[in-house]
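Please read the structure below before turning to the comments.
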Amino acid sequence: MNIDNNIIFDTVNNGIIILDEDLKVLGWNKWLEIFTRIDETEIINKKIYEFFPYINEKKLKRKAKTVLITNNASFLSLDTNRFLIDIPVSNITNPIYSSMQQDITILPYDLEKKYICIYIYDNTLMCEINKKLEVANKELKDISHRDYLTQLFNRRYFTKQSEKIKAFSIRNGNIPLSLVILDIDKFKSINDKYGHIIGDEVIVSVAKTLEKVIRQSDIVARFGGEEFVILFQDCTIERAYELSEKIRVMIEQTSVLCKNNKSLSVSVSIGVAEFKKEDEYIENTVSRADKAMYKAKESGRNKTIIA
């Protein structure tokens with residue numbers, strides 16, 4: 001085979017490899033020489049899977065056979081690493097990928113001699129754009145679920161997820177679910193006396209305490225203002241009360257630094273309720289916990305009361 005005088009072979013802006021049916025390299029164009037830094041003389045007449053041991057020999061042979069039998073081009077699907085030949089890329093221009101991301105097309109080149117042609121297209125930029133879009137979409141989705149100040153889940157997300165958890169609980173033999181509502185005591189007075197900036201710091205401080213206590217399977221959300229809600233999965237009312245008391249004490253022992261290095265201590269009132277079948281919806285459990293929380297406030301604040 002003579003491809004020495006093939007101008008297109010050496011000027012096209014893609015990698016081109018000519019292989020026989022045993023995957024022996026018969027042609028290796030300038031594009032590949034430049035990007036791989038492997039001269040044609042080094043690889044010619046060598047089996048490609050022996051030169052690059054990470055290439056799946058059986059898969060490539062199977063694909064080559066199909067192309068020769070059908071006399072049609074075929075796209076080679078790539079697994080975890082999206083490349084046939086590992087070509088490093090600059091971390092400056094392509095910060096997401098360390099290797100060139102490639103699209104691979106296999107075509108029949110000479111049916112009589114059973115030669116195939118492999119085209120390697122550099123698809124790194126498109127893969128990078130898609131990855132950035134994927135990350136951006138995930139961030140947008142996450143933002144829609146989060147409270148802007150505390151980064152806890154918001155009420156809308158909590159309501160949606162808690163109904164799913166409730167359905168799972170019922171379907172699996174009524175796994176106990178307990179719900180906790182807590183409200184920062186005298187928060188309006190804090191805002192009036194210290195200002196909204198300090199008020200926001202108090203809210204964030206309480207949110208951080210809640211995140212320390214809950215498990216990955218639990219959901220904590222800011223319900224609005226100075227009110228928070230937690231759904232404890234696989235948790236009895238007794239255990240939820242213990243956790244609520246732990247939260248109450250931790251918040252009581254935490255202080256927020258104000259002007260002139262003065263410390264501000266806060267407390268919370270907590271209501272606890274366990275989901276019951278007659279509640280039907282989690283919102284009804286929320287309502288019972290809310291009433292218990294107001295009883296805690298009315299009886300002196302800084303208390304936990306079970307509905």
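Just so we're on the same page: first chain in the structure tokens is A, next is B, and so on; residues restart at 1 for each chain, and ligands are numbered from 1 in the order they show up.
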Practice prompt. Would you kindly return, as a VMD selection string, each protein, DNA or RNA residue with an atom no farther than 12 Å from any atom of Arg215 (chain A), considering only C-alpha atoms and excluding same-chain residues fewer than 5 positions away?
Written response: chain A and resid 210 220 230 to 235 243
Item to complete: Name the residues in contact with region 29-39 of chain A at a cut-off of 12 Å, using only C-alpha atoms, excluding same-chain residues fewer than 3 positions from it; report them as number ranges by chain.
Response: A: 3-18, 25-26, 42-44, 51-52, 84-90, 99-100, 117-122
Export, as a short mmCIF file (atom, residue, chain, number, x, y, z; two decimals), in the first residue's frame, the selected residues with C-alpha atoms.
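Contents of part-v3.cif, as written:
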data_model
loop_
_atom_site.label_atom_id
_atom_site.label_comp_id
_atom_site.auth_asym_id
_atom_site.auth_seq_id
_atom_site.Cartn_x
_atom_site.Cartn_y
_atom_site.Cartn_z
CA ILE A 3 0.10 6.33 1.01
CA ASP A 4 3.34 8.32 0.93
CA ASN A 5 2.00 10.65 -1.74
CA ASN A 6 -1.47 11.02 -0.25
CA ILE A 7 -1.62 14.77 0.57
CA ILE A 8 -4.97 14.47 2.35
CA PHE A 9 -3.62 11.71 4.60
CA ASP A 10 -0.96 14.01 6.03
CA THR A 11 -2.76 17.38 5.96
CA VAL A 12 -6.19 16.51 7.38
CA ASN A 13 -6.74 17.87 10.89
CA ASN A 14 -7.56 14.48 12.39
CA GLY A 15 -5.70 11.35 13.32
CA ILE A 16 -5.73 8.64 10.65
CA ILE A 17 -4.52 5.07 11.20
CA ILE A 18 -4.53 2.33 8.55
CA VAL A 25 -0.31 -0.48 11.72
CA LEU A 26 0.20 0.25 8.00
CA GLU A 42 8.43 3.67 15.34
CA ILE A 43 4.97 2.16 15.03
CA ILE A 44 4.64 0.99 11.42
CA PHE A 51 2.11 -0.71 21.15
CA PHE A 52 -0.75 0.65 23.29
CA LEU A 84 -8.41 5.18 21.63
CA ILE A 85 -4.88 6.62 21.83
CA ASP A 86 -4.04 8.39 25.08
CA ILE A 87 -2.93 11.88 24.05
CA PRO A 88 -2.20 14.27 26.97
CA VAL A 89 -3.73 17.74 26.81
CA SER A 90 -2.67 20.96 28.53
CA SER A 99 -6.30 13.27 28.03
CA MET A 100 -7.77 14.22 24.67
CA CYS A 117 -9.07 3.11 8.36
CA ILE A 118 -9.52 4.67 11.81
CA TYR A 119 -10.36 8.37 12.11
CA ILE A 120 -9.61 10.06 15.43
CA TYR A 121 -11.51 13.31 16.04
CA ASP A 122 -10.49 15.60 18.89
#
Discussion item. Can you pull out the residues contacting region 196-200 of chain A? Cut-off 9 Å, using only C-alpha atoms, and skip same-chain residues under 6 positions away; I want them as a list in words.
Written reply: Leu149, Thr150, Phe187, Lys188, Ile190, Val256, Leu257 and Cys258 of chain A
Fill in: Shell of 12 Å around region 275-278 of chain A, only C-alpha atoms, local chain residues under 4 positions omitted, as JSON, numbers by chain
{"A": [162, 163, 165, 166, 167, 169, 170, 171, 173, 174, 175, 176, 177, 178, 179, 180, 231, 232, 233, 234, 235, 236, 237, 240, 282, 283, 284, 285, 286, 287, 288, 289, 307]}
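The interatomic distance for the pair CA of Glu40 (chain A) and CA of Asp20 (chain A) works out to 15.8 Å.
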Practice prompt. Among the residues of region 84-297 of chain A, find those DSSP assigns to strand (DSSP E) from the backbone and print them as a VMD selection string.
Written response: chain A and resid 102 to 110 115 to 122 177 to 184 219 to 224 227 to 233 255 to 257 263 to 265 268 to 274
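The residue that comes closest to Lys297 (chain A), out of A:Thr254, A:Ser77, A:Asn56, A:Ser267 and on the basis of only C-alpha atoms, is A:Ser267.
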Worksheet item: What residues in region 32-258 of chain A get the DSSP label alpha helix (DSSP H)? Please answer as a PyMOL selection string.
Response: chain A and resi 32-36+40-43+48-51+57-70+124-145+155-171+187-194+196-213+237-252
Worksheet item: Which residues come within 6 Å of Ala296 (chain A), counting only C-alpha atoms, excluding same-chain residues fewer than 4 positions away, as a ChimeraX atom specification?
Response: /A:269,301,303,305
Give me a file of those residues, with N, CA and C atoms, as a short mmCIF file (atom, residue, chain, number, x, y, z; two decimals), in the first residue's frame.
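Saved to out.cif:
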data_model
loop_
_atom_site.label_atom_id
_atom_site.label_comp_id
_atom_site.auth_asym_id
_atom_site.auth_seq_id
_atom_site.Cartn_x
_atom_site.Cartn_y
_atom_site.Cartn_z
N SER A 269 -36.94 27.09 71.02
CA SER A 269 -38.06 26.30 71.52
C SER A 269 -38.36 25.24 70.47
N ARG A 301 -40.11 29.13 77.07
CA ARG A 301 -39.08 29.05 76.02
C ARG A 301 -37.91 28.14 76.43
N LYS A 303 -37.23 25.14 75.57
CA LYS A 303 -37.73 23.83 76.01
C LYS A 303 -38.05 22.97 74.79
N ILE A 305 -40.92 20.10 73.68
CA ILE A 305 -42.21 19.48 74.05
C ILE A 305 -42.65 18.54 72.95
#
Worksheet entry | Residue contacts of region 132-142 of chain A (10 Å, only C-alpha atoms) excluding same-chain residues fewer than 6 positions away, as a PyMOL selection string | chain A and resi 96+126+151+153
